[in-house]
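S.K.: Input structure15.cif, format and content: mmCIF, C-alpha atoms.
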```cif
data_entry
loop_
_atom_site.label_atom_id
_atom_site.label_comp_id
_atom_site.auth_asym_id
_atom_site.auth_seq_id
_atom_site.Cartn_x
_atom_site.Cartn_y
_atom_site.Cartn_z
CA MET A 1 0.00 0.00 0.00
CA ILE A 2 1.39 3.38 -1.01
CA GLU A 3 1.72 5.86 1.86
CA VAL A 4 2.66 9.50 2.44
CA ASN A 5 6.42 10.14 2.06
CA ASP A 6 6.90 7.12 -0.20
CA MET A 7 9.12 7.75 -3.23
CA PHE A 8 9.18 6.08 -6.61
CA TYR A 9 10.65 6.05 -10.06
CA ALA A 10 7.63 6.12 -12.35
CA LYS A 11 7.04 5.81 -16.08
CA SER A 12 4.00 5.44 -18.26
CA SER A 13 2.95 1.97 -19.30
CA ASP A 14 1.67 3.54 -22.55
CA ALA A 15 4.55 3.64 -25.02
CA ALA A 16 3.06 6.58 -26.95
CA ILE A 17 2.76 8.70 -23.81
CA ALA A 18 6.22 7.65 -22.60
CA ASP A 19 7.61 8.87 -25.92
CA ALA A 20 5.63 12.15 -26.05
CA GLY A 21 6.01 13.13 -22.41
CA GLU A 22 9.14 14.07 -20.55
CA TYR A 23 10.94 11.55 -18.36
CA GLY A 24 8.72 8.59 -19.10
CA GLY A 25 5.42 10.47 -19.29
CA ALA A 26 4.40 9.66 -15.72
CA VAL A 27 2.62 12.97 -15.10
CA THR A 28 0.70 12.75 -18.39
CA SER A 29 -0.36 9.19 -17.57
CA ILE A 30 -1.61 10.19 -14.12
CA LEU A 31 -3.66 13.02 -15.59
CA LYS A 32 -5.11 10.80 -18.33
CA PHE A 33 -5.96 8.09 -15.80
CA LEU A 34 -7.78 10.53 -13.53
CA LEU A 35 -9.89 11.76 -16.44
CA LYS A 36 -10.54 8.36 -17.97
CA GLU A 37 -11.71 6.88 -14.68
CA GLY A 38 -13.96 9.85 -13.93
CA ILE A 39 -12.06 10.71 -10.76
CA VAL A 40 -11.86 14.28 -12.08
CA ASP A 41 -14.04 16.15 -14.57
CA ALA A 42 -11.17 18.05 -16.15
CA VAL A 43 -7.42 18.59 -16.16
CA LEU A 44 -5.98 22.10 -15.91
CA ALA A 45 -2.48 22.31 -17.35
CA VAL A 46 -0.30 24.44 -19.61
CA GLU A 47 0.43 24.18 -23.32
CA GLU A 48 2.33 26.17 -25.93
CA GLY A 49 0.36 29.03 -27.43
CA ALA A 50 1.86 30.87 -30.38
CA ASP A 51 5.31 29.42 -29.65
CA LEU A 52 7.52 28.00 -26.90
CA TYR A 53 7.62 31.41 -25.23
CA ASP A 54 3.83 31.65 -24.95
CA ALA A 55 2.50 29.47 -22.12
CA VAL A 56 -1.28 29.35 -21.94
CA PRO A 57 -3.63 27.47 -19.61
CA ILE A 58 -5.66 24.65 -21.09
CA LEU A 59 -8.70 22.88 -19.61
CA ILE A 60 -8.92 19.32 -20.91
CA GLU A 61 -11.98 17.10 -20.57
CA ASP A 62 -11.09 14.43 -23.14
CA PRO A 63 -8.57 11.85 -21.80
CA ASP A 64 -7.09 11.37 -25.27
CA LYS A 65 -6.16 15.06 -25.45
CA VAL A 66 -4.15 15.15 -22.23
CA VAL A 67 -0.99 14.46 -24.21
CA LYS A 68 -1.29 18.04 -25.57
CA SER A 69 -0.02 19.25 -22.20
CA ALA A 70 3.00 16.91 -22.12
CA GLY A 71 6.40 18.46 -21.56
CA SER A 72 7.65 21.47 -19.61
CA ILE A 73 7.43 25.14 -20.55
CA HIS A 74 9.82 27.19 -18.46
CA PHE A 75 9.32 30.42 -20.40
CA GLY A 76 5.78 30.78 -19.04
CA THR A 77 4.98 32.94 -16.03
CA LEU A 78 1.45 31.74 -15.25
CA ASN A 79 0.04 31.01 -11.81
CA LEU A 80 -2.70 28.41 -12.30
CA ALA A 81 -4.19 29.00 -8.86
CA LYS A 82 -5.74 32.18 -10.27
CA VAL A 83 -7.44 30.17 -13.01
CA VAL A 84 -8.87 27.74 -10.46
CA GLU A 85 -10.14 30.47 -8.14
CA LYS A 86 -11.39 33.02 -10.65
CA TYR A 87 -12.42 31.15 -13.76
CA LEU A 88 -13.34 27.74 -12.33
CA ASP A 89 -15.16 29.32 -9.38
CA GLY A 90 -12.77 27.80 -6.87
CA ALA A 91 -13.56 24.34 -8.25
CA GLN A 92 -16.72 24.33 -6.16
CA ASP A 93 -18.72 22.28 -8.68
CA MET A 94 -16.05 20.73 -10.86
CA LYS A 95 -13.46 18.18 -9.79
CA ILE A 96 -10.13 18.95 -11.41
CA ALA A 97 -6.52 17.81 -11.46
CA VAL A 98 -4.11 20.70 -11.86
CA THR A 99 -0.38 20.73 -12.53
CA VAL A 100 1.35 23.14 -10.15
CA LYS A 101 4.78 24.65 -9.68
CA PRO A 102 5.71 25.38 -6.04
CA CYS A 103 4.33 28.94 -6.19
CA ASP A 104 1.09 27.68 -7.77
CA ALA A 105 0.74 25.07 -5.02
CA MET A 106 1.53 27.57 -2.26
CA THR A 107 -1.08 29.97 -3.61
CA MET A 108 -3.62 27.15 -3.77
CA VAL A 109 -2.92 26.35 -0.12
CA GLU A 110 -3.52 29.96 0.90
CA LEU A 111 -6.75 30.11 -1.14
CA ILE A 112 -7.92 26.87 0.47
CA LYS A 113 -7.30 28.34 3.93
CA ARG A 114 -9.50 31.27 2.96
CA GLU A 115 -12.19 28.95 1.61
CA ARG A 116 -11.78 30.33 -1.91
CA VAL A 117 -10.92 26.91 -3.32
CA ASN A 118 -12.63 23.63 -2.45
CA PRO A 119 -9.84 21.20 -1.52
CA ASP A 120 -12.10 18.17 -1.93
CA ASN A 121 -12.46 18.90 -5.63
CA VAL A 122 -8.81 19.59 -6.45
CA ILE A 123 -5.90 17.20 -6.96
CA MET A 124 -2.55 18.99 -7.19
CA ILE A 125 0.13 17.29 -9.27
CA GLY A 126 3.29 19.17 -8.30
CA LEU A 127 6.21 19.79 -10.64
CA ASN A 128 9.72 20.53 -9.39
CA CYS A 129 10.79 24.00 -10.45
CA GLY A 130 14.13 25.77 -10.45
CA GLY A 131 12.55 28.91 -11.86
CA THR A 132 10.73 30.27 -14.90
CA MET A 133 11.94 32.83 -17.42
CA PRO A 134 10.23 35.92 -18.87
CA PRO A 135 9.33 35.32 -22.53
CA VAL A 136 10.52 38.57 -24.16
CA LYS A 137 13.86 38.64 -22.34
CA SER A 138 14.33 34.94 -23.07
CA ARG A 139 13.99 35.43 -26.82
CA GLU A 140 16.62 38.16 -26.58
CA MET A 141 18.80 35.87 -24.48
CA MET A 142 18.70 33.15 -27.13
CA GLU A 143 19.98 35.56 -29.78
CA LYS A 144 22.53 37.42 -27.67
CA PHE A 145 24.14 34.62 -25.65
CA TYR A 146 23.30 31.34 -27.39
CA GLU A 147 23.38 32.74 -30.93
CA PHE A 148 20.26 30.71 -31.72
CA ASP A 149 17.15 31.69 -33.61
CA PRO A 150 14.65 31.82 -30.70
CA ASP A 151 12.09 29.95 -32.80
CA SER A 152 14.51 27.04 -33.32
CA VAL A 153 14.67 26.24 -29.58
CA VAL A 154 12.74 23.11 -28.61
CA LYS A 155 13.98 22.40 -25.10
CA GLU A 156 15.73 24.03 -22.16
CA GLU A 157 16.70 22.83 -18.71
CA ILE A 158 18.60 24.09 -15.68
CA ALA A 159 21.04 21.40 -14.59
CA LYS A 160 24.30 21.51 -12.63
CA GLY A 161 24.18 25.29 -12.44
CA LYS A 162 23.80 25.75 -16.20
CA LEU A 163 20.97 26.62 -18.54
CA ILE A 164 21.06 23.99 -21.26
CA VAL A 165 19.30 24.83 -24.52
CA GLU A 166 18.60 22.50 -27.44
CA THR A 167 17.44 23.39 -30.96
CA ALA A 168 15.33 21.41 -33.43
CA ASP A 169 18.42 20.14 -35.29
CA GLY A 170 19.86 18.68 -32.09
CA THR A 171 22.40 21.45 -31.43
CA GLU A 172 22.93 21.90 -27.70
CA LYS A 173 24.62 24.69 -25.80
CA GLU A 174 24.99 25.36 -22.09
CA ILE A 175 25.88 28.54 -20.20
CA PRO A 176 26.26 28.95 -16.42
CA ILE A 177 23.02 30.39 -15.06
CA ASP A 178 25.06 32.78 -12.90
CA ASP A 179 26.64 34.33 -15.98
CA LEU A 180 23.26 34.88 -17.61
CA GLU A 181 21.65 36.31 -14.50
CA ASP A 182 24.56 38.62 -13.78
CA GLU A 183 23.72 40.15 -17.17
CA GLY A 184 20.04 40.52 -16.28
CA PHE A 185 18.77 37.45 -18.14
CA GLY A 186 17.82 33.94 -17.06
CA ARG A 187 15.15 33.39 -14.43
CA ARG A 188 12.66 35.91 -13.11
CA THR A 189 13.90 37.84 -10.08
CA ASN A 190 11.47 36.22 -7.64
CA CYS A 191 12.48 32.77 -8.92
CA ARG A 192 16.14 33.56 -8.29
CA ARG A 193 15.37 34.24 -4.63
CA CYS A 194 12.91 31.36 -4.16
CA GLU A 195 13.99 28.61 -1.76
CA ILE A 196 11.15 26.17 -2.46
CA ASN A 197 11.87 23.99 -5.49
CA ILE A 198 10.04 20.74 -4.67
CA PRO A 199 6.27 21.29 -4.20
CA THR A 200 5.66 19.07 -1.19
CA MET A 201 2.53 21.10 -0.41
CA ALA A 202 0.92 19.45 -3.46
CA ASP A 203 -0.49 15.91 -3.40
CA LEU A 204 2.37 14.51 -5.49
CA ALA A 205 5.75 16.11 -6.20
CA CYS A 206 7.20 15.08 -9.56
CA GLY A 207 10.46 15.79 -11.35
CA ASN A 208 13.59 14.35 -12.91
CA TRP A 209 15.97 15.14 -10.05
CA GLY A 210 17.38 11.94 -8.55
CA VAL A 211 16.54 9.53 -11.36
CA ILE A 212 19.80 7.65 -12.01
CA GLY A 213 20.83 4.27 -13.35
CA PRO A 214 19.06 2.58 -16.28
CA LEU A 215 15.99 4.83 -15.90
CA ALA A 216 17.89 8.12 -16.08
CA GLY A 217 16.02 10.38 -18.50
CA LYS A 218 13.31 7.72 -18.90
CA ALA A 219 11.39 8.03 -15.62
CA THR A 220 10.00 10.58 -13.19
CA PHE A 221 10.88 10.80 -9.51
CA ILE A 222 7.60 10.99 -7.55
CA GLU A 223 7.25 11.82 -3.86
CA VAL A 224 3.88 11.17 -2.20
CA CYS A 225 2.94 14.24 -0.16
CA SER A 226 -0.64 13.65 1.01
CA PRO A 227 -3.15 10.84 1.62
CA LYS A 228 -4.95 12.03 -1.51
CA GLY A 229 -1.73 11.69 -3.49
CA ALA A 230 -1.16 8.21 -2.11
CA GLU A 231 -4.64 7.14 -3.16
CA VAL A 232 -4.21 8.53 -6.67
CA LEU A 233 -0.87 6.81 -7.20
CA GLU A 234 -2.16 3.52 -5.78
CA LYS A 235 -5.15 3.53 -8.12
CA ALA A 236 -3.02 4.47 -11.14
CA LYS A 237 -0.66 1.62 -10.35
CA GLU A 238 -3.49 -0.89 -9.90
CA ALA A 239 -5.05 0.18 -13.19
CA GLY A 240 -1.75 -0.42 -14.97
CA ALA A 241 -1.36 3.20 -16.00
CA LEU A 242 2.07 3.47 -14.38
CA ASP A 243 5.09 1.29 -13.78
CA LEU A 244 6.61 2.04 -10.36
CA GLU A 245 9.81 0.93 -8.72
CA GLU A 246 11.77 1.88 -5.64
CA PRO A 247 14.28 4.68 -6.21
CA ILE A 248 17.99 4.06 -5.88
CA GLU A 249 19.19 5.34 -2.50
CA LYS A 250 21.93 7.36 -4.14
CA GLY A 251 19.25 8.96 -6.32
CA ILE A 252 17.36 10.14 -3.25
CA THR A 253 20.56 11.75 -1.99
CA ILE A 254 21.26 13.38 -5.34
CA ARG A 255 17.72 14.82 -5.42
CA LYS A 256 18.25 16.31 -1.99
CA ASN A 257 21.66 17.69 -2.98
CA ILE A 258 20.23 19.36 -6.08
CA ASP A 259 17.50 20.95 -3.99
CA ASN A 260 20.10 22.18 -1.48
CA ALA A 261 22.22 23.61 -4.30
CA MET A 262 19.21 25.54 -5.60
CA VAL A 263 18.51 26.87 -2.10
CA LYS A 264 22.11 28.07 -1.82
CA LEU A 265 21.75 29.81 -5.17
CA ALA A 266 18.60 31.52 -3.86
CA ASP A 267 20.45 32.59 -0.70
CA LYS A 268 23.19 34.06 -2.86
CA TRP A 269 20.68 36.21 -4.71
CA GLN A 270 19.02 37.27 -1.47
CA ASP A 271 22.37 38.35 -0.08
CA ALA A 272 23.11 40.28 -3.27
CA ASP A 273 19.72 41.98 -3.26
CA TRP A 274 19.78 43.03 0.38
CA GLU A 275 23.46 43.01 1.29
CA ASP A 276 23.68 44.36 4.85
CA VAL A 277 20.02 45.19 5.47
CA LYS A 278 18.86 41.83 6.79
CA GLY A 279 17.10 42.26 10.08
CA ARG A 280 16.07 45.87 9.51
CA GLU A 281 12.62 46.95 10.65
CA ILE A 282 9.86 46.69 8.08
CA PHE A 283 9.08 50.41 8.25
CA SER A 284 12.70 51.20 7.42
CA ALA A 285 12.43 48.87 4.47
CA LEU A 286 9.25 50.46 3.17
CA THR A 287 10.78 53.93 3.44
CA GLU A 288 13.55 52.81 1.09
CA TYR A 289 10.98 51.72 -1.47
CA LEU A 290 9.04 55.01 -1.52
CA PRO A 291 10.95 56.26 -4.62
CA ASP A 292 9.88 53.06 -6.39
CA PHE A 293 6.26 53.59 -5.37
CA SER A 294 6.45 57.13 -6.76
CA ARG A 295 6.74 55.64 -10.26
CA CYS A 296 3.32 54.03 -9.92
CA ILE A 297 0.78 55.15 -12.54
CA LYS A 298 -2.12 53.56 -10.67
CA CYS A 299 -3.00 51.07 -13.41
CA TYR A 300 -3.94 48.44 -10.81
CA GLY A 301 -2.14 45.81 -12.86
CA CYS A 302 -0.57 44.33 -9.72
CA ARG A 303 -3.97 43.91 -8.12
CA GLU A 304 -5.51 42.37 -11.24
CA ALA A 305 -2.62 39.95 -11.77
CA CYS A 306 -2.46 38.81 -8.15
CA PRO A 307 -3.77 35.24 -7.88
CA ILE A 308 -4.66 35.56 -4.22
CA CYS A 309 -6.21 39.03 -3.91
CA TYR A 310 -9.46 37.81 -2.43
CA CYS A 311 -11.99 40.66 -2.12
CA ASP A 312 -15.06 40.25 -4.34
CA ASP A 313 -15.28 44.04 -4.32
CA CYS A 314 -11.85 45.61 -3.91
CA CYS A 315 -11.53 47.16 -0.47
CA LEU A 316 -9.46 49.95 -2.01
CA GLU A 317 -12.35 51.07 -4.18
CA ALA A 318 -15.33 50.38 -1.96
CA HIS A 319 -17.65 53.39 -1.69
CA ASN A 320 -15.52 55.27 -4.24
CA GLY A 321 -12.41 54.63 -2.20
CA PRO A 322 -10.41 56.91 0.06
CA ASP A 323 -9.42 60.39 -1.10
CA TRP A 324 -5.90 59.37 -2.07
CA LEU A 325 -7.32 56.73 -4.43
CA SER A 326 -10.20 58.59 -6.05
CA LYS A 327 -8.54 61.89 -6.92
CA GLY A 328 -6.72 60.37 -9.86
CA GLU A 329 -3.42 62.03 -8.98
CA ILE A 330 -0.32 60.76 -10.78
CA PRO A 331 1.88 59.70 -9.17
CA PRO A 332 -0.58 58.45 -6.58
CA SER A 333 -0.02 58.42 -2.88
CA PRO A 334 2.10 55.40 -1.83
CA MET A 335 -0.83 54.51 0.42
CA PHE A 336 -2.23 52.42 -2.43
CA HIS A 337 0.69 50.03 -2.09
CA LEU A 338 0.94 50.33 1.68
CA GLU A 339 -2.75 49.63 2.24
CA ARG A 340 -2.65 46.74 -0.19
CA MET A 341 0.37 45.47 1.69
CA ILE A 342 -1.51 45.57 4.99
CA HIS A 343 -4.33 43.67 3.36
CA MET A 344 -2.11 41.04 1.74
CA VAL A 345 0.68 40.77 4.29
CA GLU A 346 -0.22 37.24 5.38
CA SER A 347 -1.36 36.04 1.95
CA CYS A 348 1.34 36.78 -0.63
CA THR A 349 3.30 33.75 -1.86
CA ASN A 350 5.71 35.89 -3.92
CA CYS A 351 4.82 34.29 -7.23
CA GLY A 352 5.93 37.47 -9.01
CA GLN A 353 2.77 37.99 -11.08
CA CYS A 354 2.52 41.61 -9.88
CA GLU A 355 6.05 42.50 -10.96
CA GLU A 356 5.56 40.76 -14.32
CA VAL A 357 2.81 43.18 -15.35
CA CYS A 358 4.06 46.41 -13.74
CA PRO A 359 4.69 48.92 -16.57
CA SER A 360 6.74 51.12 -14.23
CA GLU A 361 9.11 48.28 -13.31
CA ILE A 362 8.55 48.65 -9.58
CA PRO A 363 10.42 45.74 -7.91
CA LEU A 364 7.26 44.41 -6.29
CA ALA A 365 8.47 40.84 -5.91
CA LYS A 366 11.57 42.05 -4.07
CA ILE A 367 9.47 44.24 -1.78
CA TRP A 368 7.06 41.43 -1.04
CA HIS A 369 9.90 38.97 -0.41
CA GLU A 370 11.21 41.25 2.32
CA VAL A 371 7.72 41.59 3.81
CA ASN A 372 7.30 37.81 3.75
CA ALA A 373 10.65 37.40 5.50
CA LYS A 374 9.44 39.69 8.31
CA VAL A 375 6.26 37.62 8.70
CA LYS A 376 8.36 34.46 8.91
CA ASP A 377 10.79 36.00 11.40
CA ASN A 378 8.08 37.40 13.68
CA PHE A 379 5.44 34.69 13.46
CA GLY A 380 7.25 31.61 12.16
CA TYR A 381 4.71 31.47 9.35
CA VAL A 382 5.78 30.33 5.87
CA LYS A 383 2.99 31.19 3.48
CA GLY A 384 1.55 28.44 1.33
CA THR A 385 2.73 25.59 3.54
CA GLY A 386 1.16 23.53 6.31
CA GLU A 387 -2.33 23.81 7.74
CA ASN A 388 -1.69 26.63 10.20
CA LYS A 389 -4.02 29.60 9.96
CA PRO A 390 -2.57 32.94 8.88
CA PRO A 391 -1.04 34.46 12.03
CA MET A 392 -2.41 37.97 12.02
CA GLY A 393 -5.95 36.90 11.33
CA PHE A 394 -5.87 34.14 13.94
CA PHE A 395 -2.96 35.00 16.24
CA PRO A 396 -3.75 34.81 19.98
CA MET A 397 -3.46 38.34 21.37
CA ASP A 398 -1.62 37.16 24.46
CA LYS A 399 1.16 35.86 22.23
CA MET A 400 1.33 38.79 19.83
CA PRO A 401 4.99 39.90 19.50
CA LEU A 402 4.56 43.54 20.51
#
```
So, in terms of structure tokens, how does the structure I just supplied come out?
M.R.:
Amino acid sequence: MIEVNDMFYAKSSDAAIADAGEYGGAVTSILKFLLKEGIVDAVLAVEEGADLYDAVPILIEDPDKVVKSAGSIHFGTLNLAKVVEKYLDGAQDMKIAVTVKPCDAMTMVELIKRERVNPDNVIMIGLNCGGTMPPVKSREMMEKFYEFDPDSVVKEEIAKGKLIVETADGTEKEIPIDDLEDEGFGRRTNCRRCEINIPTMADLACGNWGVIGPLAGKATFIEVCSPKGAEVLEKAKEAGALDLEEPIEKGITIRKNIDNAMVKLADKWQDADWEDVKGREIFSALTEYLPDFSRCIKCYGCREACPICYCDDCCLEAHNGPDWLSKGEIPPSPMFHLERMIHMVESCTNCGQCEEVCPSEIPLAKIWHEVNAKVKDNFGYVKGTGENKPPMGFFPMDKMPL
């Protein structure tokens, strides 16, 4: 019987899926099995839109079409939790399986805590993630550093500290990720600082890290992270959708070492971004960011892009909003950002959606990372993980760190 914390090497028993999917097609087979057996009504995943640099969400209801979502797209910057909450009505009436990066999964957890997503109707299939890359900058990166036609690229992967890119004719080139990011390319800024690479807050955590031996490159490493995940994997195995075997012990160690290396890389970027300011008071930090807030043109893009902003009617606009919001002054008072920060301080999972859409290039992900660090330091609360309630909404007053 499969249990929580069990680990496996997994590959599809369907040769066509194993060939079309990455690393044995295990994730694709799980999704197809869930649909075919009626365990879920639909699968929410990501597919290529116009090209490899255009990641778009896709809702699949036909099991035979699940293969369209096979493979990884690291140039996309989507957060699928927003699709579940906003467009699928929190999956209240539809049972879905959704593929999630760590930030997607963390956002789902926070939405579940706020009863915006029905956890009984959602199965989260987690995908290991070392970071995603902004599409426009990535096309430029392919031309400038790799000397490739961006449209010829068919695959990319971060491995052993390098970004490895492959073109349609089989040409492969690798460049240290540090070199690219020192030049302002590579992963998004919030991804560089992120310390969570394996989505253990999902039901299953899947990836290629740690698959060694004869199955290297031909199987997926799966960690069971919840009773729901254990049940799904058990049923898929019994139905013959997957072939499972125990992982090699050395592979488990390698997976852990890769994760630790990515965490150290994140720590390096955090140190570079904040240098000697760690431990400063949050008000001192916000004062430093006032010049950034002054560039705001009040487009509300950050609010609209946020996957966890949870008011049905925005509190900042209720009853025509406060004076500083309704006067239409440009630049607006920084109170827009400060009040939104107060409202979101225990919710933000630093997925970077706000910074992605900001036309004024305000470093919102950096600001929110520092805010999140203060919440962790003061309350011991890591957003998007565990079952603990958000501290400021549920914190006992007699234990409030005054």
S.K.: Care to translate the PyMOL selection byres ((chain A and resi 162) around 9) into actual residues of this file, as JSON, numbers by chain?
M.R.: {"A": [157, 158, 159, 160, 161, 163, 164, 174, 175, 176, 177, 178]}
S.K.: So, counting all atoms listed in the file, which residue among A:Asp54, A:Asp203, A:Glu288, A:Asp273 is closest to A:Thr189?
M.R.: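 The shortest atom-to-atom distance to A:Thr189 comes from A:Asp273.
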S.K.: Quick check, in Å to one decimal: how far apart do atom CA of A:Gly90 and atom CA of A:Arg116 lie?
M.R.: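 Between atom CA of A:Gly90 and atom CA of A:Arg116 the gap works out to 5.7 Å.
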S.K.: In Å, rounded to a single decimal, give me how far atom CA of A:Glu183 is from atom CA of A:Lys144.
M.R.: 10.9 Å
S.K.: Could you work out how far atom CA of A:Asp182 lies from atom CA of A:Ser294, giving the answer in Å with one decimal?
M.R.: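 The value is 26.8 Å.
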S.K.: Measuring atom to atom with all atoms listed in the file, identify which of A:Lys86, A:Lys256, A:His337, A:Lys237 is nearest to A:Tyr289.
M.R.: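 Using all atoms listed in the file, the shortest distance to A:Tyr289 belongs to A:His337.
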S.K.: Using only C-alpha atoms and a cutoff of 10 Å, can you tell me which residues are near (-2.0, 46.6, -14.9) in the file's coordinates, and write them out as a PyMOL selection string?
M.R.: chain A and resi 297-305+354-360
S.K.: Can you work out which one of A:Leu34, A:Leu88, A:Met94, A:Ala219 has the shortest atom-to-atom distance to A:Asp62, counting only C-alpha atoms?
M.R.: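 Closest residue, counting only C-alpha atoms: A:Leu34.
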S.K.: Around (-0.7, 27.1, -2.9), as given in the file, which residues come within 9 Å? Count only C-alpha atoms and list them as a list in words.
M.R.: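 All residues meeting the 9 Å criterion around (-0.7, 27.1, -2.9) are Ala81, Val100, Pro102, Cys103, Asp104, Ala105, Met106, Thr107, Met108, Val109, Glu110, Leu111, Ile112, Met201, Ala202, Thr349, Lys383, Gly384 and Thr385 of chain A.
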S.K.: Evaluate the PyMOL selection byres ((chain A and resi 42) around 6) here and jot the selected residues down as a list in words.
M.R.: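 Answer for the PyMOL selection byres ((chain A and resi 42) around 6): Val40, Asp41, Val43, Ile60, Glu61 and Ile96 of chain A.
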S.K.: With the file shown as input, list the residues that the PyMOL selection byres ((chain A and resi 128) around 8) selects, as a ChimeraX atom specification.
M.R.: /A:101-102,126-127,129-130,197-199,205-207
S.K.: What lies within 9 Å of A:Ser72 using all atoms listed in the file, ignoring chain neighbours under 2 positions off, as a PyMOL selection string?
M.R.: chain A and resi 21-22+46-47+69-70+74+155-156
S.K.: Write out as a list in words each polymer residue whose atoms come within 9 Å of A:Ala10, counting only C-alpha atoms; drop sequence neighbours fewer than 4 positions from it.
M.R.: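 Close residues of A:Ala10: Tyr23, Gly24, Gly25, Ala26, Val27, Lys218, Ala219, Thr220, Phe221, Ile222, Leu242, Asp243, Leu244, Glu245 and Glu246 of chain A.
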